[in-house]
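Structure file protein-v2.cif; described as mmCIF, C-alpha atoms.
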```cif
data_protein
loop_
_atom_site.group_PDB
_atom_site.id
_atom_site.type_symbol
_atom_site.label_atom_id
_atom_site.label_comp_id
_atom_site.auth_asym_id
_atom_site.auth_seq_id
_atom_site.Cartn_x
_atom_site.Cartn_y
_atom_site.Cartn_z
ATOM 1 C CA CYS A 1 -22.258 9.508 -4.560
ATOM 2 C CA MET A 2 -24.105 6.206 -4.434
ATOM 3 C CA ALA A 3 -22.611 2.726 -3.985
ATOM 4 C CA PHE A 4 -24.418 -0.349 -5.259
ATOM 5 C CA LYS A 5 -24.134 -3.974 -6.312
ATOM 6 C CA ASP A 6 -24.549 -3.884 -10.096
ATOM 7 C CA THR A 7 -26.529 -7.016 -10.894
ATOM 8 C CA SER A 8 -26.500 -6.053 -14.592
ATOM 9 C CA ASN A 9 -22.679 -6.269 -14.557
ATOM 10 C CA SER A 10 -21.776 -9.540 -12.805
ATOM 11 C CA SER A 11 -22.725 -8.079 -9.369
ATOM 12 C CA TYR A 12 -19.591 -5.911 -9.334
ATOM 13 C CA GLY A 13 -19.252 -3.267 -6.637
ATOM 14 C CA THR A 14 -19.917 0.089 -8.301
ATOM 15 C CA VAL A 15 -20.088 3.772 -7.387
ATOM 16 C CA VAL A 16 -21.726 6.618 -9.297
ATOM 17 C CA CYS A 17 -21.427 10.300 -8.348
ATOM 18 C CA GLY A 18 -23.670 13.164 -9.343
ATOM 19 C CA THR A 19 -23.895 16.947 -9.288
ATOM 20 C CA PRO A 20 -27.158 18.467 -7.934
ATOM 21 C CA SER A 21 -28.575 21.647 -9.430
ATOM 22 C CA ASN A 22 -32.048 23.139 -8.988
ATOM 23 C CA GLY A 23 -33.510 19.887 -7.720
ATOM 24 C CA THR A 24 -31.984 17.747 -10.466
ATOM 25 C CA VAL A 25 -28.978 15.439 -10.192
ATOM 26 C CA THR A 26 -26.710 14.952 -13.188
ATOM 27 C CA TRP A 27 -25.004 11.587 -12.775
ATOM 28 C CA GLY A 28 -21.526 10.761 -14.000
ATOM 29 C CA THR A 29 -20.277 7.453 -15.369
ATOM 30 C CA PRO A 30 -20.471 4.531 -12.925
ATOM 31 C CA VAL A 31 -17.048 3.314 -11.746
ATOM 32 C CA VAL A 32 -16.361 -0.270 -10.658
ATOM 33 C CA PHE A 33 -14.466 -0.446 -7.373
ATOM 34 C CA ASN A 34 -14.420 -4.250 -7.151
ATOM 35 C CA SER A 35 -14.217 -6.166 -10.425
ATOM 36 C CA SER A 36 -15.654 -9.366 -9.005
ATOM 37 C CA ALA A 37 -19.017 -10.102 -7.449
ATOM 38 C CA ILE A 38 -19.670 -8.611 -4.024
ATOM 39 C CA ASP A 39 -21.834 -10.468 -1.525
ATOM 40 C CA ASN A 40 -24.295 -7.790 -0.352
ATOM 41 C CA SER A 41 -25.220 -4.195 -0.976
ATOM 42 C CA PRO A 42 -22.274 -1.877 -0.137
ATOM 43 C CA HIS A 43 -22.532 1.131 2.171
ATOM 44 C CA ILE A 44 -20.936 4.550 1.806
ATOM 45 C CA ALA A 45 -19.937 7.524 3.972
ATOM 46 C CA SER A 46 -17.909 10.681 3.432
ATOM 47 C CA GLY A 47 -15.059 12.181 5.439
ATOM 48 C CA SER A 48 -11.739 13.990 5.003
ATOM 49 C CA ASN A 49 -12.720 15.050 1.453
ATOM 50 C CA ARG A 50 -13.174 11.458 0.299
ATOM 51 C CA ILE A 51 -15.842 8.787 0.174
ATOM 52 C CA HIS A 52 -15.468 5.494 2.058
ATOM 53 C CA VAL A 53 -17.172 2.318 0.834
ATOM 54 C CA THR A 54 -17.475 -0.895 2.829
ATOM 55 C CA TYR A 55 -18.596 -4.167 1.290
ATOM 56 C CA SER A 56 -18.321 -7.955 1.529
ATOM 57 C CA ARG A 57 -16.206 -9.852 -0.993
ATOM 58 C CA SER A 58 -15.762 -13.630 -0.765
ATOM 59 C CA THR A 59 -17.234 -13.301 2.756
ATOM 60 C CA SER A 60 -14.478 -10.859 3.839
ATOM 61 C CA GLY A 61 -15.352 -7.361 5.073
ATOM 62 C CA CYS A 62 -13.506 -4.812 2.923
ATOM 63 C CA ILE A 63 -13.209 -1.026 2.646
ATOM 64 C CA ARG A 64 -11.857 1.411 0.045
ATOM 65 C CA SER A 65 -11.737 5.195 -0.124
ATOM 66 C CA ALA A 66 -11.920 7.399 -3.202
ATOM 67 C CA SER A 67 -11.186 10.992 -4.093
ATOM 68 C CA ILE A 68 -13.755 12.755 -6.271
ATOM 69 C CA SER A 69 -12.986 14.975 -9.259
ATOM 70 C CA GLY A 70 -16.175 16.336 -10.781
ATOM 71 C CA THR A 71 -18.299 13.200 -10.844
ATOM 72 C CA THR A 72 -15.403 10.741 -11.180
ATOM 73 C CA PRO A 73 -14.229 8.706 -8.146
ATOM 74 C CA THR A 74 -10.649 7.407 -8.046
ATOM 75 C CA PHE A 75 -10.192 4.568 -5.590
ATOM 76 C CA ALA A 76 -7.222 3.768 -3.376
ATOM 77 C CA THR A 77 -6.234 0.192 -2.578
ATOM 78 C CA GLU A 78 -8.529 -2.159 -0.685
ATOM 79 C CA THR A 79 -8.215 -2.921 3.029
ATOM 80 C CA VAL A 80 -9.688 -6.105 4.507
ATOM 81 C CA TRP A 81 -10.958 -5.408 8.030
ATOM 82 C CA GLU A 82 -12.722 -8.730 8.693
ATOM 83 C CA THR A 83 -11.717 -12.122 7.282
ATOM 84 C CA ASN A 84 -14.750 -14.049 8.542
ATOM 85 C CA ALA A 85 -18.241 -14.045 7.053
ATOM 86 C CA SER A 86 -20.056 -10.858 8.069
ATOM 87 C CA THR A 87 -23.142 -8.930 6.986
ATOM 88 C CA GLY A 88 -25.325 -5.926 7.761
ATOM 89 C CA TYR A 89 -22.720 -3.229 7.311
ATOM 90 C CA HIS A 90 -23.203 0.428 8.138
ATOM 91 C CA LEU A 91 -20.482 3.008 8.601
ATOM 92 C CA ASP A 92 -19.831 6.599 9.586
ATOM 93 C CA TYR A 93 -16.756 8.833 9.600
ATOM 94 C CA ASP A 94 -15.410 9.940 12.976
ATOM 95 C CA THR A 95 -13.917 13.362 12.251
ATOM 96 C CA SER A 96 -12.356 13.672 15.710
ATOM 97 C CA ASN A 97 -9.902 10.828 15.028
ATOM 98 C CA ASP A 98 -10.131 10.261 11.253
ATOM 99 C CA TYR A 99 -11.580 6.792 11.826
ATOM 100 C CA VAL A 100 -14.239 4.915 9.929
ATOM 101 C CA VAL A 101 -16.608 3.202 12.393
ATOM 102 C CA ILE A 102 -18.339 0.096 11.027
ATOM 103 C CA LEU A 103 -21.419 -1.662 12.394
ATOM 104 C CA TYR A 104 -21.821 -5.305 11.338
ATOM 105 C CA TYR A 105 -23.017 -8.788 12.244
ATOM 106 C CA ILE A 106 -20.772 -11.839 12.510
ATOM 107 C CA SER A 107 -20.980 -15.328 14.043
ATOM 108 C CA GLY A 108 -23.898 -14.744 16.365
ATOM 109 C CA SER A 109 -23.133 -11.204 17.499
ATOM 110 C CA THR A 110 -23.574 -7.590 16.468
ATOM 111 C CA ARG A 111 -20.261 -5.702 16.579
ATOM 112 C CA VAL A 112 -18.576 -2.375 15.902
ATOM 113 C CA ILE A 113 -15.002 -1.847 14.734
ATOM 114 C CA ALA A 114 -12.846 1.220 14.043
ATOM 115 C CA VAL A 115 -10.496 1.569 11.057
ATOM 116 C CA SER A 116 -8.003 4.445 11.127
ATOM 117 C CA TYR A 117 -7.661 6.446 7.928
ATOM 118 C CA ASN A 118 -4.417 7.704 6.373
ATOM 119 C CA THR A 119 -5.238 11.200 5.116
ATOM 120 C CA ALA A 120 -1.975 11.323 3.135
ATOM 121 C CA ASP A 121 -2.687 8.561 0.612
ATOM 122 C CA GLY A 122 -6.317 7.489 1.088
ATOM 123 C CA THR A 123 -5.525 4.077 2.571
ATOM 124 C CA TYR A 124 -6.277 2.707 6.028
ATOM 125 C CA THR A 125 -3.573 2.388 8.646
ATOM 126 C CA ALA A 126 -4.829 0.068 11.384
ATOM 127 C CA ILE A 127 -7.895 -1.811 12.596
ATOM 128 C CA SER A 128 -9.160 -1.932 16.172
ATOM 129 C CA SER A 129 -10.361 -5.000 18.001
ATOM 130 C CA SER A 130 -14.106 -5.355 17.522
ATOM 131 C CA THR A 131 -16.557 -4.663 20.352
ATOM 132 C CA GLN A 132 -19.684 -6.773 20.795
ATOM 133 C CA LEU A 133 -22.988 -4.958 21.228
ATOM 134 C CA ASN A 134 -25.217 -8.016 21.626
ATOM 135 C CA THR A 135 -25.612 -11.644 20.596
ATOM 136 C CA SER A 136 -28.492 -11.151 18.168
ATOM 137 C CA SER A 137 -28.291 -10.652 14.436
ATOM 138 C CA ILE A 138 -29.024 -7.426 12.561
ATOM 139 C CA SER A 139 -29.921 -6.616 8.979
ATOM 140 C CA SER A 140 -28.769 -3.597 6.997
ATOM 141 C CA THR A 141 -32.335 -2.232 6.730
ATOM 142 C CA LYS A 142 -32.988 -2.604 10.469
ATOM 143 C CA SER A 143 -29.876 -0.850 11.781
ATOM 144 C CA ASP A 144 -27.934 2.374 11.304
ATOM 145 C CA ILE A 145 -25.029 4.441 12.656
ATOM 146 C CA VAL A 146 -24.421 8.192 12.706
ATOM 147 C CA PHE A 147 -21.575 10.396 13.975
ATOM 148 C CA ASP A 148 -22.297 13.198 16.454
ATOM 149 C CA PRO A 149 -19.707 15.961 15.771
ATOM 150 C CA ASP A 150 -20.646 17.871 18.922
ATOM 151 C CA THR A 151 -19.722 15.062 21.317
ATOM 152 C CA ASN A 152 -17.320 13.218 18.961
ATOM 153 C CA ARG A 153 -19.185 9.968 19.438
ATOM 154 C CA SER A 154 -21.200 7.668 17.202
ATOM 155 C CA LEU A 155 -24.731 6.475 17.897
ATOM 156 C CA VAL A 156 -25.901 3.036 16.798
ATOM 157 C CA ALA A 157 -29.550 1.978 16.586
ATOM 158 C CA TYR A 158 -30.841 -1.434 15.578
ATOM 159 C CA LEU A 159 -33.681 -3.897 15.939
ATOM 160 C CA ASN A 160 -32.563 -6.458 18.506
ATOM 161 C CA ASN A 161 -33.823 -9.704 16.988
ATOM 162 C CA SER A 162 -33.703 -11.462 20.365
ATOM 163 C CA THR A 163 -36.108 -9.037 22.083
ATOM 164 C CA ASN A 164 -37.707 -7.333 19.057
ATOM 165 C CA TYR A 165 -36.864 -4.009 20.740
ATOM 166 C CA ILE A 166 -35.395 -0.936 19.057
ATOM 167 C CA THR A 167 -32.081 -0.530 20.892
ATOM 168 C CA ALA A 168 -29.384 2.165 20.873
ATOM 169 C CA ASN A 169 -25.745 2.373 21.969
ATOM 170 C CA VAL A 170 -23.239 5.205 22.170
ATOM 171 C CA ILE A 171 -19.865 4.369 20.596
ATOM 172 C CA GLN A 172 -16.611 6.047 21.649
ATOM 173 C CA THR A 173 -13.341 5.777 19.718
ATOM 174 C CA GLY A 174 -9.861 6.446 21.052
ATOM 175 C CA GLY A 175 -6.278 5.327 20.799
ATOM 176 C CA THR A 176 -3.989 6.450 17.989
ATOM 177 C CA THR A 177 -3.827 6.139 14.222
ATOM 178 C CA ALA A 178 -1.484 3.179 14.653
ATOM 179 C CA SER A 179 -3.614 1.579 17.361
ATOM 180 C CA PRO A 180 -7.286 2.628 17.312
ATOM 181 C CA THR A 181 -9.681 1.573 20.063
ATOM 182 C CA ILE A 182 -13.465 1.435 20.308
ATOM 183 C CA THR A 183 -15.863 1.023 23.233
ATOM 184 C CA ALA A 184 -19.637 0.803 23.524
ATOM 185 C CA GLY A 185 -21.943 2.140 26.208
ATOM 186 C CA SER A 186 -24.832 0.252 27.773
ATOM 187 C CA ASP A 187 -27.896 -0.742 25.751
ATOM 188 C CA VAL A 188 -30.758 1.746 25.808
ATOM 189 C CA VAL A 189 -34.172 0.411 24.768
ATOM 190 C CA VAL A 190 -35.863 3.065 22.650
ATOM 191 C CA ASP A 191 -39.103 1.157 22.042
ATOM 192 C CA SER A 192 -40.128 -2.156 23.589
ATOM 193 C CA GLY A 193 -43.263 -2.527 21.506
ATOM 194 C CA ASP A 194 -43.779 -4.904 18.609
ATOM 195 C CA GLN A 195 -41.311 -3.480 16.100
ATOM 196 C CA GLY A 196 -39.935 -5.080 12.970
ATOM 197 C CA GLY A 197 -39.284 -2.572 10.220
ATOM 198 C CA ALA A 198 -36.605 -0.260 8.931
ATOM 199 C CA VAL A 199 -34.333 1.861 11.155
ATOM 200 C CA GLY A 200 -32.685 5.150 10.142
ATOM 201 C CA LEU A 201 -30.565 7.799 11.905
ATOM 202 C CA THR A 202 -29.526 11.352 11.093
ATOM 203 C CA TYR A 203 -27.849 14.169 13.015
ATOM 204 C CA ASP A 204 -29.284 17.695 13.169
ATOM 205 C CA THR A 205 -26.310 20.079 13.521
ATOM 206 C CA THR A 206 -28.614 23.076 14.107
ATOM 207 C CA ASN A 207 -30.304 21.627 17.193
ATOM 208 C CA ASN A 208 -27.491 19.220 18.166
ATOM 209 C CA LYS A 209 -29.846 16.265 18.228
ATOM 210 C CA VAL A 210 -29.865 12.743 16.818
ATOM 211 C CA PHE A 211 -33.114 11.791 15.107
ATOM 212 C CA LEU A 212 -34.154 8.149 14.906
ATOM 213 C CA GLY A 213 -36.868 6.908 12.595
ATOM 214 C CA TYR A 214 -38.199 3.339 12.614
ATOM 215 C CA GLN A 215 -41.152 1.242 11.584
#
```
Output the file's structure as structure tokens, nothing else.
Amino acid sequence: CMAFKDTSNSSYGTVVCGTPSNGTVTWGTPVVFNSSAIDNSPHIASGSNRIHVTYSRSTSGCIRSASISGTTPTFATETVWETNASTGYHLDYDTSNDYVVILYYISGSTRVIAVSYNTADGTYTAISSSTQLNTSSISSTKSDIVFDPDTNRSLVAYLNNSTNYITANVIQTGGTTASPTITAGSDVVVDSGDQGGAVGLTYDTTNNKVFLGYQ
């Protein structure tokens, strides 16, 4: 599935799902998940047999999950996880706790937050306090987050706009469904050269390694 801001339809938040076969994807009908304009491009992850979409609406950070039947997503109700203006979202799904972990920028700092997921009805139960990674801003193209299922931790990588260094942090979730917690490890500078481009992460389950690509 792919989430996007549909500028041809009043900038509504929209998801389209497809079925791959022999190198070709057959796309279904796009489904609007927010029938008003969203502020930025949404981001999407999968977990617990559903998709999870985070987006900004009227400057609030929001999230919704959807079940998929064929190529048709059916969305549960919206949860607002941040009421202040925020940008630069990325998310992953923490399978060890059934949490969605969100990376974002707000009011002069880069932060992570955990949202616990209710597997019974597709809604979200509780929201952790946010944890600050640093006091610089990030952009969605210059940051990423990925879940490591072997250690049950998330890894964040981003361009630190204060130092212009590619920086990484390990993120650990805990607590309970009713009271999730999130902590961040120390900054690790991956590259202290003159960086400035895109950042991307993926996890190789065969070799149990995180791969980081950047410009």
Give me the region 47-159 of chain A side of the contact with region 21-38 of chain A, cut-off 6 Å, one line per residue showing its nearest atom pair and distance in Å at one decimal, counting only C-alpha atoms, sorted by chain and residue number, as JSON lines.
```
{"residue": "A:Ser56", "atom": "CA", "partner": "A:Ile38", "partner_atom": "CA", "distance": 5.8}
{"residue": "A:Arg57", "atom": "CA", "partner": "A:Ile38", "partner_atom": "CA", "distance": 4.8}
{"residue": "A:Thr71", "atom": "CA", "partner": "A:Gly28", "partner_atom": "CA", "distance": 5.1}
```
Going by the chain IDs and residue numbers used in this file, which residues fall under the PyMOL selection byres ((chain A and resi 92) around 10)? Write them as a tab-separated table (two decimals) with C-alpha atoms, in the frame of the given file.
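To be explicit, this is the file written out as part-v3.tsv:
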```
chain	number	residue	atom	x	y	z
A	43	HIS	CA	-22.53	1.13	2.17
A	44	ILE	CA	-20.94	4.55	1.81
A	45	ALA	CA	-19.94	7.52	3.97
A	46	SER	CA	-17.91	10.68	3.43
A	47	GLY	CA	-15.06	12.18	5.44
A	52	HIS	CA	-15.47	5.49	2.06
A	90	HIS	CA	-23.20	0.43	8.14
A	91	LEU	CA	-20.48	3.01	8.60
A	93	TYR	CA	-16.76	8.83	9.60
A	94	ASP	CA	-15.41	9.94	12.98
A	95	THR	CA	-13.92	13.36	12.25
A	99	TYR	CA	-11.58	6.79	11.83
A	100	VAL	CA	-14.24	4.92	9.93
A	101	VAL	CA	-16.61	3.20	12.39
A	102	ILE	CA	-18.34	0.10	11.03
A	103	LEU	CA	-21.42	-1.66	12.39
A	114	ALA	CA	-12.85	1.22	14.04
A	144	ASP	CA	-27.93	2.37	11.30
A	145	ILE	CA	-25.03	4.44	12.66
A	146	VAL	CA	-24.42	8.19	12.71
A	147	PHE	CA	-21.58	10.40	13.98
A	148	ASP	CA	-22.30	13.20	16.45
A	154	SER	CA	-21.20	7.67	17.20
A	155	LEU	CA	-24.73	6.48	17.90
```
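With only C-alpha atoms as the basis for measurement, A:Ser41 is the residue among A:Ser41, A:Val170, A:Thr54, A:Asn152 that approaches Ser140 (chain A) most closely.
With only C-alpha atoms as the atoms that count, the minimum distance from Thr59 (chain A) to the choices A:Ser86, A:Thr167, A:Thr77, A:Thr19 is reached by A:Ser86.
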Point to revise | Picked residues, the PyMOL selection byres ((chain A and resi 193) around 12), expected as a list in words | key: Leu159, Asn160, Thr163, Asn164, Tyr165, Ile166, Thr167, Val189, Val190, Asp191, Ser192, Asp194, Gln195, Gly196, Gly197, Tyr214 and Gln215 of chain A
Can you write just those residues out, C-alpha atoms, as a PDB file, keeping the file's coordinate frame?
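The resulting result_28.pdb:
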```pdb
ATOM      1  CA  LEU A 159     -33.681  -3.897  15.939  1.00  0.00           C
ATOM      2  CA  ASN A 160     -32.563  -6.458  18.506  1.00  0.00           C
ATOM      3  CA  THR A 163     -36.108  -9.037  22.083  1.00  0.00           C
ATOM      4  CA  ASN A 164     -37.707  -7.333  19.057  1.00  0.00           C
ATOM      5  CA  TYR A 165     -36.864  -4.009  20.740  1.00  0.00           C
ATOM      6  CA  ILE A 166     -35.395  -0.936  19.057  1.00  0.00           C
ATOM      7  CA  THR A 167     -32.081  -0.530  20.892  1.00  0.00           C
ATOM      8  CA  VAL A 189     -34.172   0.411  24.768  1.00  0.00           C
ATOM      9  CA  VAL A 190     -35.863   3.065  22.650  1.00  0.00           C
ATOM     10  CA  ASP A 191     -39.103   1.157  22.042  1.00  0.00           C
ATOM     11  CA  SER A 192     -40.128  -2.156  23.589  1.00  0.00           C
ATOM     12  CA  ASP A 194     -43.779  -4.904  18.609  1.00  0.00           C
ATOM     13  CA  GLN A 195     -41.311  -3.480  16.100  1.00  0.00           C
ATOM     14  CA  GLY A 196     -39.935  -5.080  12.970  1.00  0.00           C
ATOM     15  CA  GLY A 197     -39.284  -2.572  10.220  1.00  0.00           C
ATOM     16  CA  TYR A 214     -38.199   3.339  12.614  1.00  0.00           C
ATOM     17  CA  GLN A 215     -41.152   1.242  11.584  1.00  0.00           C
TER      18      GLN A 215
END
```
Can you save region 48-147 of chain A of the given block to a file, including C-alpha atoms and formatted as a short mmCIF file (atom, residue, chain, number, x, y, z; two decimals), in the first residue's frame?
```cif
data_model
loop_
_atom_site.label_atom_id
_atom_site.label_comp_id
_atom_site.auth_asym_id
_atom_site.auth_seq_id
_atom_site.Cartn_x
_atom_site.Cartn_y
_atom_site.Cartn_z
CA SER A 48 -0.28 -6.91 13.21
CA ASN A 49 -1.95 -7.58 9.83
CA ARG A 50 -2.82 -3.92 9.31
CA ILE A 51 -1.31 -0.78 7.86
CA HIS A 52 -0.61 2.29 10.02
CA VAL A 53 -0.60 5.79 8.53
CA THR A 54 0.66 8.90 10.30
CA TYR A 55 0.03 12.40 9.00
CA SER A 56 -0.41 16.04 10.00
CA ARG A 57 -3.87 17.61 9.96
CA SER A 58 -4.43 21.21 11.07
CA THR A 59 -0.89 21.01 12.53
CA SER A 60 -1.82 18.02 14.75
CA GLY A 61 0.03 14.71 14.44
CA CYS A 62 -2.50 11.95 13.73
CA ILE A 63 -2.50 8.20 13.09
CA ARG A 64 -5.01 5.67 11.73
CA SER A 65 -4.81 1.95 11.05
CA ALA A 66 -6.59 -0.02 8.35
CA SER A 67 -7.35 -3.65 7.60
CA ILE A 68 -6.86 -4.76 4.00
CA SER A 69 -9.25 -6.95 2.01
CA GLY A 70 -7.92 -7.58 -1.47
CA THR A 71 -6.80 -4.09 -2.43
CA THR A 72 -9.34 -2.24 -0.28
CA PRO A 73 -8.27 -0.62 3.03
CA THR A 74 -10.87 -0.05 5.76
CA PHE A 75 -9.78 2.52 8.30
CA ALA A 76 -10.42 2.62 12.04
CA THR A 77 -10.95 5.89 13.89
CA GLU A 78 -8.26 8.55 14.08
CA THR A 79 -5.96 9.06 17.08
CA VAL A 80 -4.23 12.40 17.67
CA TRP A 81 -0.80 11.79 19.21
CA GLU A 82 0.56 15.36 19.05
CA THR A 83 -1.50 18.56 19.30
CA ASN A 84 1.31 20.98 18.47
CA ALA A 85 2.74 21.73 15.04
CA SER A 86 5.08 18.91 13.99
CA THR A 87 6.71 17.68 10.79
CA GLY A 88 9.12 15.13 9.34
CA TYR A 89 7.25 12.00 10.33
CA HIS A 90 8.57 8.47 9.97
CA LEU A 91 7.24 5.39 11.71
CA ASP A 92 7.86 1.70 12.24
CA TYR A 93 5.93 -1.09 13.96
CA ASP A 94 7.46 -2.60 17.09
CA THR A 95 6.26 -6.21 17.01
CA SER A 96 7.61 -6.99 20.48
CA ASN A 97 5.09 -4.65 22.15
CA ASP A 98 2.55 -3.87 19.40
CA TYR A 99 3.61 -0.21 19.41
CA VAL A 100 3.96 2.24 16.57
CA VAL A 101 7.17 4.26 17.01
CA ILE A 102 7.11 7.71 15.39
CA LEU A 103 10.05 9.97 14.58
CA TYR A 104 9.21 13.66 14.17
CA TYR A 105 10.31 17.27 14.60
CA ILE A 106 8.58 19.80 16.84
CA SER A 107 9.43 23.19 18.38
CA GLY A 108 13.18 23.08 17.96
CA SER A 109 13.81 19.40 18.68
CA THR A 110 13.79 16.00 17.03
CA ARG A 111 11.72 13.50 19.04
CA VAL A 112 10.42 9.94 19.13
CA ILE A 113 7.13 8.78 20.64
CA ALA A 114 5.45 5.39 21.09
CA VAL A 115 1.74 4.73 20.49
CA SER A 116 0.34 1.42 21.74
CA TYR A 117 -1.93 -0.46 19.35
CA ASN A 118 -5.17 -2.25 20.23
CA THR A 119 -5.09 -5.45 18.18
CA ALA A 120 -8.77 -6.12 18.96
CA ASP A 121 -10.33 -3.15 17.15
CA GLY A 122 -7.54 -1.42 15.20
CA THR A 123 -7.44 1.70 17.38
CA TYR A 124 -4.63 3.02 19.57
CA THR A 125 -4.75 2.68 23.33
CA ALA A 126 -2.20 5.07 24.83
CA ILE A 127 0.61 7.45 23.93
CA SER A 128 3.99 7.65 25.65
CA SER A 129 5.79 10.80 26.66
CA SER A 130 8.07 11.91 23.83
CA THR A 131 11.85 11.57 24.07
CA GLN A 132 14.15 14.23 22.62
CA LEU A 133 16.98 13.08 20.38
CA ASN A 134 18.51 16.49 19.67
CA THR A 135 17.68 20.17 19.29
CA SER A 136 18.07 20.37 15.51
CA SER A 137 15.37 20.02 12.90
CA ILE A 138 14.93 17.09 10.51
CA SER A 139 13.15 16.65 7.21
CA SER A 140 11.27 13.56 6.06
CA THR A 141 13.75 12.93 3.22
CA LYS A 142 16.79 13.25 5.50
CA SER A 143 15.69 10.86 8.26
CA ASP A 144 14.33 7.34 8.68
CA ILE A 145 13.44 4.68 11.27
CA VAL A 146 13.45 0.89 11.08
CA PHE A 147 12.56 -1.89 13.54
#
```
